[in-house]
>>> print(open('start-v5.txt').read())   # compact mmCIF, C-alpha atoms
# COMPACT_ATOMS: atom_id res chain seq x y z
CA TYR A 1 0.00 0.00 0.00
CA LYS A 2 1.01 3.58 -0.56
CA ARG A 3 1.12 5.84 2.45
CA GLN A 4 -2.07 7.88 2.66
CA ALA A 5 -1.95 11.65 2.43
CA HIS A 6 -3.79 13.62 5.08
CA ALA A 7 -5.13 16.98 3.93
CA HIS A 8 -5.88 19.33 6.81
CA ALA A 9 -8.54 22.00 6.66
CA ALA A 10 -7.72 25.54 7.67
CA PRO A 11 -7.87 26.17 11.43
CA GLY A 12 -11.21 27.27 12.78
CA ALA A 13 -14.55 26.03 14.02
CA GLY A 14 -15.52 22.79 12.38
CA SER A 15 -12.16 22.08 10.78
CA GLY A 16 -10.52 18.74 11.30
CA PRO A 17 -8.11 16.38 9.57
CA VAL A 18 -9.34 14.78 6.36
CA ASP A 19 -7.99 11.40 5.32
CA ARG A 20 -8.22 11.33 1.54
CA SER A 21 -8.81 7.59 1.35
CA ILE A 22 -11.70 7.81 3.81
CA ALA A 23 -13.10 10.86 2.00
CA ARG A 24 -13.02 9.05 -1.36
CA TYR A 25 -14.68 5.99 0.18
CA LEU A 26 -17.47 8.08 1.69
CA ALA A 27 -17.98 10.04 -1.53
CA ARG A 28 -18.70 6.86 -3.47
CA THR A 29 -20.61 5.09 -0.67
CA LEU A 30 -22.98 7.65 0.86
CA PRO A 31 -26.16 8.87 -0.88
CA ALA A 32 -25.50 12.13 -2.69
CA GLY A 33 -27.48 14.97 -4.21
CA PRO A 34 -30.30 17.18 -2.93
CA GLY A 35 -32.12 15.64 0.01
CA GLY A 36 -29.18 13.41 0.90
CA PRO A 37 -28.22 12.83 4.53
CA GLY A 38 -25.97 15.04 6.59
CA GLY A 39 -23.56 13.76 9.17
CA THR A 40 -20.07 13.55 10.58
CA VAL A 41 -17.43 10.82 10.36
CA VAL A 42 -14.54 10.46 12.80
CA ALA A 43 -11.66 7.99 12.64
CA ALA A 44 -8.63 7.59 14.89
CA ARG A 45 -5.57 5.39 14.90
CA GLY A 46 -4.71 5.02 18.56
CA GLY A 47 -4.45 8.53 19.99
CA ASP A 48 -4.14 10.17 16.56
CA LEU A 49 -7.20 11.77 14.99
CA VAL A 50 -6.89 10.97 11.29
CA HIS A 51 -10.29 12.05 10.01
CA CYS A 52 -13.00 14.35 11.39
CA ALA A 53 -15.25 15.87 8.76
CA GLY A 54 -18.87 16.29 7.81
CA PHE A 55 -20.91 15.27 4.81
CA GLY A 56 -24.09 16.89 3.56
CA LEU A 57 -25.99 19.54 5.48
CA ALA A 58 -26.64 19.87 9.20
CA ASP A 59 -29.47 22.32 8.47
CA ARG A 60 -30.96 22.28 4.97
CA ALA A 61 -33.08 25.39 5.37
CA ALA A 62 -30.07 27.47 6.39
CA GLY A 63 -27.66 25.66 4.06
CA THR A 64 -25.33 24.85 6.98
CA PRO A 65 -22.80 22.12 6.13
CA ALA A 66 -22.09 19.39 8.67
CA ASP A 67 -18.54 19.36 10.03
CA CYS A 68 -16.28 18.03 12.77
CA ASP A 69 -17.91 20.23 15.43
CA THR A 70 -21.55 19.82 14.49
CA VAL A 71 -23.55 18.81 17.56
CA TYR A 72 -25.77 15.71 17.41
CA ASP A 73 -27.90 13.67 19.74
CA VAL A 74 -25.75 10.54 20.24
CA MET A 75 -28.85 8.61 21.37
CA SER A 76 -28.08 5.23 22.98
CA VAL A 77 -24.33 5.79 22.76
CA THR A 78 -25.16 7.72 25.96
CA LYS A 79 -25.30 4.38 27.79
CA GLN A 80 -21.51 4.05 27.83
CA PHE A 81 -21.27 7.37 29.67
CA THR A 82 -23.76 6.13 32.26
CA ALA A 83 -21.84 2.87 32.67
CA ALA A 84 -18.53 4.69 33.05
CA ALA A 85 -20.07 6.97 35.69
CA VAL A 86 -21.22 3.96 37.72
CA LEU A 87 -17.69 2.52 37.60
CA LYS A 88 -16.25 5.91 38.54
CA LEU A 89 -18.48 5.95 41.61
CA GLU A 90 -17.26 2.46 42.44
CA THR A 91 -13.64 3.65 42.31
CA GLN A 92 -14.67 6.47 44.66
CA GLY A 93 -16.11 3.96 47.13
CA ARG A 94 -19.68 5.22 46.81
CA LEU A 95 -21.21 2.02 45.45
CA ARG A 96 -20.45 -1.49 44.19
CA VAL A 97 -21.81 -2.97 40.99
CA THR A 98 -22.93 -5.94 43.10
CA ASP A 99 -25.20 -3.66 45.17
CA ARG A 100 -28.91 -4.29 44.98
CA ILE A 101 -31.00 -1.37 43.77
CA GLY A 102 -32.83 -1.12 47.08
CA ARG A 103 -29.73 0.51 48.58
CA PHE A 104 -30.44 3.57 46.44
CA LEU A 105 -34.03 3.27 45.22
CA GLY A 106 -35.85 1.55 48.06
CA PRO A 107 -38.37 0.44 49.03
CA VAL A 108 -38.38 -2.09 46.19
CA PRO A 109 -41.19 -4.56 45.42
CA ARG A 110 -40.48 -8.19 46.27
CA ASP A 111 -40.08 -9.32 42.64
CA LYS A 112 -37.30 -6.75 42.05
CA ARG A 113 -35.41 -6.85 45.35
CA ARG A 114 -32.63 -9.05 43.96
CA ILE A 115 -31.88 -6.76 41.01
CA THR A 116 -28.28 -5.51 41.12
CA LEU A 117 -26.50 -2.63 39.40
CA HIS A 118 -24.57 -5.24 37.38
CA GLN A 119 -27.87 -6.55 36.03
CA LEU A 120 -29.03 -3.07 35.08
CA LEU A 121 -25.72 -2.44 33.31
CA THR A 122 -25.91 -5.71 31.35
CA HIS A 123 -29.67 -5.58 30.56
CA THR A 124 -30.25 -8.75 32.57
CA ALA A 125 -32.53 -7.28 35.26
CA GLY A 126 -35.63 -8.45 33.37
CA LEU A 127 -37.07 -4.93 33.20
CA THR A 128 -39.40 -3.48 30.59
CA GLU A 129 -37.81 -1.73 27.61
CA GLY A 130 -39.38 1.61 28.44
CA LEU A 131 -42.39 3.38 29.88
CA GLY A 132 -43.44 5.71 27.08
CA ASP A 133 -42.27 8.36 24.66
CA ASP A 134 -38.83 9.91 25.10
CA TYR A 135 -40.34 13.36 25.53
CA ASP A 136 -43.16 12.54 27.96
CA PRO A 137 -42.81 14.88 30.98
CA VAL A 138 -41.73 12.21 33.47
CA SER A 139 -39.81 13.14 36.64
CA ARG A 140 -37.17 11.02 38.33
CA GLY A 141 -39.60 9.92 41.01
CA GLU A 142 -42.26 9.02 38.46
CA LEU A 143 -39.75 7.06 36.39
CA VAL A 144 -38.45 5.09 39.36
CA ASP A 145 -41.95 4.41 40.64
CA GLY A 146 -43.19 3.34 37.22
CA VAL A 147 -40.31 0.95 36.58
CA LEU A 148 -40.56 -0.60 40.03
CA LYS A 149 -44.28 -1.20 39.50
CA SER A 150 -43.86 -2.59 35.97
CA ARG A 151 -44.13 -6.28 35.15
CA LEU A 152 -40.84 -8.15 34.78
CA ARG A 153 -40.09 -9.76 31.44
CA SER A 154 -37.95 -12.43 33.10
CA ALA A 155 -36.53 -13.22 36.52
CA PRO A 156 -33.59 -10.94 37.40
CA GLY A 157 -30.26 -12.31 36.20
CA THR A 158 -31.66 -14.95 33.84
CA GLU A 159 -32.12 -13.35 30.40
CA PHE A 160 -30.93 -10.44 28.27
CA HIS A 161 -33.66 -7.88 27.56
CA TYR A 162 -32.48 -4.50 26.29
CA SER A 163 -33.91 -1.89 28.64
CA ASN A 164 -33.74 1.86 28.32
CA ALA A 165 -35.68 2.06 31.58
CA GLY A 166 -32.88 0.15 33.33
CA TYR A 167 -30.34 2.77 32.31
CA SER A 168 -32.63 5.53 33.53
CA LEU A 169 -32.66 3.75 36.89
CA LEU A 170 -28.85 3.83 36.77
CA ALA A 171 -28.99 7.60 36.22
CA ALA A 172 -31.14 7.84 39.36
CA VAL A 173 -28.60 5.69 41.24
CA ILE A 174 -25.79 8.00 40.09
CA GLU A 175 -27.69 10.96 41.52
CA LYS A 176 -28.41 9.20 44.82
CA ALA A 177 -24.83 7.92 45.24
CA SER A 178 -23.10 11.16 44.21
CA GLY A 179 -25.45 13.76 45.64
CA ARG A 180 -25.30 15.61 42.32
CA SER A 181 -27.44 15.69 39.22
CA TYR A 182 -26.68 13.04 36.61
CA GLU A 183 -25.28 15.54 34.11
CA ARG A 184 -23.24 17.47 36.66
CA TYR A 185 -21.62 14.29 37.92
CA LEU A 186 -20.72 13.16 34.39
CA SER A 187 -19.49 16.63 33.45
CA ALA A 188 -17.11 16.88 36.43
CA ASN A 189 -15.88 13.29 36.51
CA LEU A 190 -15.89 12.18 32.86
CA PHE A 191 -16.26 15.01 30.37
CA ALA A 192 -14.01 17.64 31.95
CA PRO A 193 -11.06 15.26 32.53
CA ALA A 194 -11.42 14.04 28.94
CA GLY A 195 -11.45 17.59 27.56
CA MET A 196 -14.99 17.20 26.20
CA THR A 197 -16.26 20.77 26.13
CA ARG A 198 -19.32 20.28 23.89
CA THR A 199 -20.92 17.21 25.47
CA GLY A 200 -23.92 17.26 27.77
CA TYR A 201 -27.58 18.07 28.03
CA VAL A 202 -27.72 21.72 29.11
CA LEU A 203 -24.39 22.48 30.81
CA PRO A 204 -22.59 23.30 27.54
CA ASP A 205 -23.87 26.75 26.64
CA PHE A 206 -25.40 25.87 23.30
CA ASP A 207 -27.13 29.26 23.17
CA ARG A 208 -23.89 31.25 23.38
CA ASP A 209 -22.51 32.81 20.20
CA ARG A 210 -25.27 31.21 18.13
CA GLY A 211 -24.12 27.82 19.38
CA ARG A 212 -27.60 26.38 18.94
CA ASP A 213 -27.10 26.77 15.20
CA ARG A 214 -24.28 24.21 15.53
CA ILE A 215 -26.82 21.54 16.53
CA ALA A 216 -27.98 19.41 13.60
CA VAL A 217 -31.61 19.47 12.51
CA GLU A 218 -33.04 15.95 12.28
CA TYR A 219 -35.05 14.69 9.28
CA ASP A 220 -37.54 11.86 8.97
CA GLY A 221 -37.78 9.18 6.30
CA ASP A 222 -39.66 11.54 4.00
CA GLY A 223 -37.04 14.25 4.38
CA ARG A 224 -39.20 16.48 6.57
CA ALA A 225 -37.44 18.55 9.22
CA ARG A 226 -38.15 17.41 12.79
CA GLY A 227 -36.20 20.12 14.54
CA ARG A 228 -33.21 19.99 16.82
CA PRO A 229 -33.19 17.89 20.01
CA LEU A 230 -33.56 21.05 22.12
CA ASP A 231 -36.73 21.93 20.20
CA HIS A 232 -38.55 18.99 21.82
CA PRO A 233 -39.99 19.03 25.36
CA TRP A 234 -37.19 18.95 27.92
CA ALA A 235 -37.00 19.74 31.61
CA ALA A 236 -34.93 22.73 32.70
CA ASP A 237 -31.94 20.48 33.41
CA GLY A 238 -32.14 18.15 30.41
CA PRO A 239 -34.43 15.55 28.90
CA TYR A 240 -37.21 14.03 30.92
CA TRP A 241 -36.53 10.73 32.64
CA ASN A 242 -37.75 8.31 29.96
CA LEU A 243 -34.64 9.44 28.07
CA ARG A 244 -32.22 10.53 30.78
CA GLY A 245 -29.30 8.15 31.32
CA ASN A 246 -30.14 5.95 28.34
CA GLY A 247 -30.01 8.53 25.54
CA GLY A 248 -30.29 12.16 24.55
CA MET A 249 -26.71 13.24 25.24
CA LEU A 250 -25.51 15.92 22.82
CA SER A 251 -21.94 15.80 21.52
CA THR A 252 -19.63 16.46 18.59
CA GLY A 253 -17.39 14.20 16.56
CA ARG A 254 -14.34 15.92 18.03
CA ASP A 255 -15.55 15.24 21.56
CA MET A 256 -16.24 11.59 20.75
CA PHE A 257 -12.60 11.29 19.70
CA ARG A 258 -11.59 12.87 23.01
CA TRP A 259 -13.72 10.27 24.79
CA HIS A 260 -11.94 7.48 22.89
CA ARG A 261 -8.57 8.99 23.77
CA ALA A 262 -9.54 9.26 27.46
CA LEU A 263 -10.60 5.61 27.50
CA SER A 264 -7.25 4.66 25.96
CA GLY A 265 -5.49 5.97 29.07
CA ALA A 266 -6.41 6.60 32.69
CA LEU A 267 -7.95 10.07 32.39
CA VAL A 268 -11.41 8.94 33.47
CA LEU A 269 -11.09 5.37 34.75
CA PRO A 270 -8.20 3.33 36.21
CA PRO A 271 -7.22 0.04 34.52
CA ARG A 272 -9.25 -2.16 36.87
CA ALA A 273 -12.45 -0.22 36.16
CA LYS A 274 -11.77 -0.24 32.41
CA ARG A 275 -11.39 -4.02 32.49
CA LYS A 276 -14.92 -4.17 33.91
CA LEU A 277 -16.20 -1.69 31.33
CA PHE A 278 -14.82 -3.66 28.40
CA ARG A 279 -15.63 -7.18 29.56
CA PRO A 280 -18.31 -9.04 27.57
CA TYR A 281 -20.61 -10.51 30.22
CA VAL A 282 -23.70 -11.88 28.46
CA GLY A 283 -24.75 -13.08 25.04
CA ILE A 284 -27.21 -11.04 22.98
CA PRO A 285 -29.91 -13.39 21.61
CA GLY A 286 -30.02 -13.92 17.88
CA GLY A 287 -26.37 -13.35 17.05
CA GLN A 288 -22.74 -13.65 18.06
CA GLU A 289 -22.59 -10.34 19.88
CA ARG A 290 -22.15 -10.05 23.61
CA TYR A 291 -22.90 -7.19 25.99
CA GLY A 292 -20.84 -5.60 28.75
CA TYR A 293 -21.43 -2.35 30.60
CA GLY A 294 -22.92 0.03 28.03
CA TRP A 295 -20.98 -1.62 25.19
CA GLY A 296 -21.63 -4.46 22.80
CA PHE A 297 -18.79 -6.70 21.64
CA LEU A 298 -18.04 -8.28 18.28
CA CYS A 299 -15.22 -10.68 17.41
CA THR A 300 -13.71 -9.91 13.99
CA GLY A 301 -10.55 -10.66 12.05
CA ASP A 302 -9.13 -7.44 13.47
CA GLY A 303 -9.79 -8.54 17.04
CA ARG A 304 -12.53 -7.77 19.52
CA ILE A 305 -14.50 -4.60 18.82
CA ALA A 306 -16.32 -2.64 21.51
CA TRP A 307 -19.32 -1.05 19.86
CA HIS A 308 -22.67 0.63 20.44
CA ASN A 309 -25.15 2.37 18.24
CA GLY A 310 -28.12 4.61 18.81
CA GLY A 311 -31.15 5.59 16.82
CA ASN A 312 -34.50 7.29 16.99
CA ASP A 313 -37.09 7.74 14.28
CA TRP A 314 -34.79 10.16 12.46
CA SER A 315 -31.08 10.07 13.32
CA PHE A 316 -28.54 7.29 13.80
CA ALA A 317 -25.06 6.99 15.31
CA SER A 318 -22.49 4.22 15.64
CA PHE A 319 -19.29 4.15 17.69
CA ALA A 320 -16.69 1.37 17.58
CA ARG A 321 -13.24 0.81 19.10
CA THR A 322 -10.97 -2.05 18.08
CA LEU A 323 -9.45 -3.02 21.41
CA ARG A 324 -6.35 -4.70 19.99
CA ASP A 325 -4.92 -1.79 17.98
CA GLY A 326 -6.90 1.24 19.18
CA THR A 327 -8.62 2.02 15.88
CA MET A 328 -11.76 4.07 16.50
CA VAL A 329 -14.66 4.98 14.22
CA TYR A 330 -17.65 7.16 15.01
CA TRP A 331 -20.20 8.13 12.43
CA THR A 332 -23.57 9.81 12.80
CA THR A 333 -26.25 11.17 10.52
CA ASN A 334 -29.23 13.47 10.96
CA GLN A 335 -31.32 11.34 8.56
CA ALA A 336 -31.03 7.59 8.92
CA TYR A 337 -33.04 6.65 5.85
CA GLN A 338 -34.98 7.96 2.86
CA ARG A 339 -38.13 5.96 2.43
CA GLY A 340 -37.83 3.62 -0.56
CA LYS A 341 -34.36 4.88 -1.52
CA TRP A 342 -31.60 4.32 1.01
CA ASN A 343 -31.06 3.25 4.64
CA LEU A 344 -27.78 4.04 6.40
CA GLU A 345 -28.77 2.11 9.51
CA GLU A 346 -28.80 -1.09 7.47
CA ARG A 347 -25.28 -0.27 6.25
CA GLU A 348 -23.89 0.39 9.71
CA PHE A 349 -21.25 -2.32 9.81
CA GLU A 350 -20.28 -1.89 6.18
CA LEU A 351 -19.48 1.75 6.95
CA LEU A 352 -17.69 0.94 10.21
CA ARG A 353 -15.51 -1.63 8.49
CA GLY A 354 -14.80 0.49 5.42
CA ILE A 355 -13.78 3.52 7.48
CA ALA A 356 -11.73 1.49 9.99
CA ASP A 357 -9.80 -0.33 7.26
CA ARG A 358 -8.74 2.97 5.72
CA ALA A 359 -7.91 4.55 9.08
CA ARG A 360 -5.77 1.53 9.96
CA ASP A 361 -3.87 1.55 6.66
CA ASP A 362 -1.03 3.98 7.36
CA ASP A 363 1.52 2.54 5.00
>>> encode(input="start-v5.txt", output="structure tokens")
Amino acid sequence: YKRQAHAHAAPGAGSGPVDRSIARYLARTLPAGPGGPGGTVVAARGGDLVHCAGFGLADRAAGTPADCDTVYDVMSVTKQFTAAAVLKLETQGRLRVTDRIGRFLGPVPRDKRRITLHQLLTHTAGLTEGLGDDYDPVSRGELVDGVLKSRLRSAPGTEFHYSNAGYSLLAAVIEKASGRSYERYLSANLFAPAGMTRTGYVLPDFDRDRGRDRIAVEYDGDGRARGRPLDHPWAADGPYWNLRGNGGMLSTGRDMFRWHRALSGALVLPPRAKRKLFRPYVGIPGGQERYGYGWGFLCTGDGRIAWHNGGNDWSFASFARTLRDGTMVYWTTNQAYQRGKWNLEEREFELLRGIADRARDDD
């Protein structure tokens, strides 16, 4: 192979390195033309950011191009932040993943008294998937009460059932154990040490210097604008509790690289905690994937990949780290599919593999 050339954009907001091989691959792979998707693609080789650039438009009405610093809802990729926060609290001696939820959320009904934080983290608590729409005005107390009263899908610890509600319970545990709000705890203990200045619900000042315009508008399968995440009903301190802890975090491609870099060292978690974070604990039914704490795991020819995606009715994101060599890929789009024409969600792993192969090829 010939060594790839890396063309760098001029310094400034939104600029990032552009790997020409990745750019050519995306140009021939992604849907193009009017009405095509917008998004951002990030690739790293170890601690080196090799590609961080947008494609298409973040806001079609304003003609705003997507770039490295466009802000998106990362959706269920949020779960890895929640999991890391639980492990951070364990390193601080404020909880143990073997703790039962009654220590923080009691009193707990008899059928749920044996549920542990480990089971919430691994989706093996047997809880319902969710309690309603992401934007229903549900408080922490209402969320906890509703989940504890809900019918179990299986006995705790026996089966894998993906549960957004379980991760919202973890957000409540984080607040109880830390004495701080979920976002403030993550901001101080994860995002700030990692240098992530544009990640959060409301603590980053997205209204400053027209910062809200940096947030991508989302589009449905017919190409109709559905607004920005902050245009939907939120509480004063972030999304309501059907979404808090399991999704809804806002971030940029550049910050997701910083998160990867922090996880590669000891900026946010010591080695023992990271071994827990990246351990595959349970099988996911219907495939070869396994699940750990806020991460799924795939075995490939390049080694074990830690991965998670997120989606709503409009956007989609996927984040993957090859644990053996430190290759990282994050890609997100503000329109996941065009009805009857194209579907990026169905091409998730094709895109991850194609981008990773080109990021890895440095000679």
>>> atom_distance(input="start-v5.txt", atom1="atom CA of A:Leu250", atom2="atom CA of A:Arg20")
27.8 Å
>>> closest_atom_pairs(input="start-v5.txt", of="stretch 231-330 of chain A", to="stretch 338-350 of chain A", cutoff="9 Å", atoms="all atoms listed in the file", output="JSON lines")
{"residue": "A:Asn309", "atom": "CA", "partner": "A:Glu348", "partner_atom": "CA", "distance": 8.8}
{"residue": "A:Gly311", "atom": "CA", "partner": "A:Glu345", "partner_atom": "CA", "distance": 8.4}
{"residue": "A:Phe316", "atom": "CA", "partner": "A:Glu345", "partner_atom": "CA", "distance": 6.7}
{"residue": "A:Ala317", "atom": "CA", "partner": "A:Glu345", "partner_atom": "CA", "distance": 8.4}
{"residue": "A:Ser318", "atom": "CA", "partner": "A:Glu348", "partner_atom": "CA", "distance": 7.2}
>>> residues_around(input="start-v5.txt", residues="stretch 56-72 of chain A", least_positions_apart="2", cutoff="7 Å", atoms="all atoms listed in the file", output="ChimeraX atom specification")
/A:13-16,36-40,52-54,74,214-217,250-254
>>> closest_residue(input="start-v5.txt", among="A:Glu218, A:Asp111, A:Asp302, A:Asp231", to="A:Ser315", atoms="only C-alpha atoms")
A:Glu218
>>> atom_distance(input="start-v5.txt", atom1="atom CA of A:Arg358", atom2="atom CA of A:Phe81")
27.4 Å
>>> closest_residue(input="start-v5.txt", among="A:Trp234, A:Tyr337, A:Tyr293, A:Trp241", to="A:Leu117", atoms="all atoms listed in the file")
A:Tyr293
>>> closest_atom_pairs(input="start-v5.txt", of="stretch 261-328 of chain A", to="stretch 190-200 of chain A", cutoff="12 Å", atoms="all atoms listed in the file", output="CSV")
residue,atom,partner,partner_atom,distance
A:Arg261,CA,A:Ala194,CA,7.8
A:Ala262,CA,A:Ala194,CA,5.3
A:Leu263,CA,A:Ala194,CA,8.6
A:Ser264,CA,A:Ala194,CA,10.7
A:Gly265,CA,A:Ala194,CA,10.0
A:Ala266,CA,A:Ala194,CA,9.7
A:Leu267,CA,A:Pro193,CA,6.1
A:Val268,CA,A:Leu190,CA,5.6
A:Leu269,CA,A:Leu190,CA,8.5
>>> closest_residue(input="start-v5.txt", among="A:Gly146, A:Gly245, A:Gly157, A:Gly166", to="A:Leu186", atoms="all atoms listed in the file")
A:Gly245
>>> atom_distance(input="start-v5.txt", atom1="atom CA of A:Gly303", atom2="atom CA of A:Arg290")
14.1 Å
>>> closest_residue(input="start-v5.txt", among="A:Thr91, A:Thr332, A:Thr128, A:Gln80", to="A:Leu352", atoms="all atoms listed in the file")
A:Thr332
>>> closest_residue(input="start-v5.txt", among="A:Tyr162, A:Gly33, A:Phe104, A:Tyr330", to="A:Asp255", atoms="all atoms listed in the file")
A:Tyr330
>>> residues_around(input="start-v5.txt", residues="A:Ala44", least_positions_apart="5", cutoff="12 Å", atoms="all atoms listed in the file", output="VMD selection string")
chain A and resid 16 to 19 22 49 to 52 253 to 254 256 to 261 264 319 to 322 325 to 331 355 to 362
>>> write_last_selection(input="start-v5.txt", atoms="C-alpha atoms", output="tab-separated table (two decimals), in the coordinates of the input")
chain	number	residue	atom	x	y	z
A	16	GLY	CA	-10.52	18.74	11.30
A	17	PRO	CA	-8.11	16.38	9.57
A	18	VAL	CA	-9.34	14.78	6.36
A	19	ASP	CA	-7.99	11.40	5.32
A	22	ILE	CA	-11.70	7.81	3.81
A	49	LEU	CA	-7.20	11.77	14.99
A	50	VAL	CA	-6.89	10.97	11.29
A	51	HIS	CA	-10.29	12.05	10.01
A	52	CYS	CA	-13.00	14.35	11.39
A	253	GLY	CA	-17.39	14.20	16.56
A	254	ARG	CA	-14.34	15.92	18.03
A	256	MET	CA	-16.24	11.59	20.75
A	257	PHE	CA	-12.60	11.29	19.70
A	258	ARG	CA	-11.59	12.87	23.01
A	259	TRP	CA	-13.72	10.27	24.79
A	260	HIS	CA	-11.94	7.48	22.89
A	261	ARG	CA	-8.57	8.99	23.77
A	264	SER	CA	-7.25	4.66	25.96
A	319	PHE	CA	-19.29	4.15	17.69
A	320	ALA	CA	-16.69	1.37	17.58
A	321	ARG	CA	-13.24	0.81	19.10
A	322	THR	CA	-10.97	-2.05	18.08
A	325	ASP	CA	-4.92	-1.79	17.98
A	326	GLY	CA	-6.90	1.24	19.18
A	327	THR	CA	-8.62	2.02	15.88
A	328	MET	CA	-11.76	4.07	16.50
A	329	VAL	CA	-14.66	4.98	14.22
A	330	TYR	CA	-17.65	7.16	15.01
A	331	TRP	CA	-20.20	8.13	12.43
A	355	ILE	CA	-13.78	3.52	7.48
A	356	ALA	CA	-11.73	1.49	9.99
A	357	ASP	CA	-9.80	-0.33	7.26
A	358	ARG	CA	-8.74	2.97	5.72
A	359	ALA	CA	-7.91	4.55	9.08
A	360	ARG	CA	-5.77	1.53	9.96
A	361	ASP	CA	-3.87	1.55	6.66
A	362	ASP	CA	-1.03	3.98	7.36
>>> closest_residue(input="start-v5.txt", among="A:Asn334, A:Ser181, A:Gln119, A:Ser139", to="A:Gly227", atoms="only C-alpha atoms")
A:Asn334
>>> residues_around(input="start-v5.txt", residues="A:Ala171", least_positions_apart="6", cutoff="10 Å", atoms="only C-alpha atoms", output="PyMOL selection string")
chain A and resi 79+82-83+85-86+140+165+177+181-183+241+244-246
>>> residues_around(input="start-v5.txt", residues="A:Ile305", least_positions_apart="4", cutoff="9 Å", atoms="all atoms listed in the file", output="count of residues only")
10
>>> residues_around(input="start-v5.txt", residues="A:Arg96", least_positions_apart="2", cutoff="10 Å", atoms="all atoms listed in the file", output="list in words")
Val86, Leu87, Leu89, Glu90, Thr91, Gln92, Gly93, Arg94, Thr98, Asp99, Arg100, Thr116, Leu117 and His118 of chain A
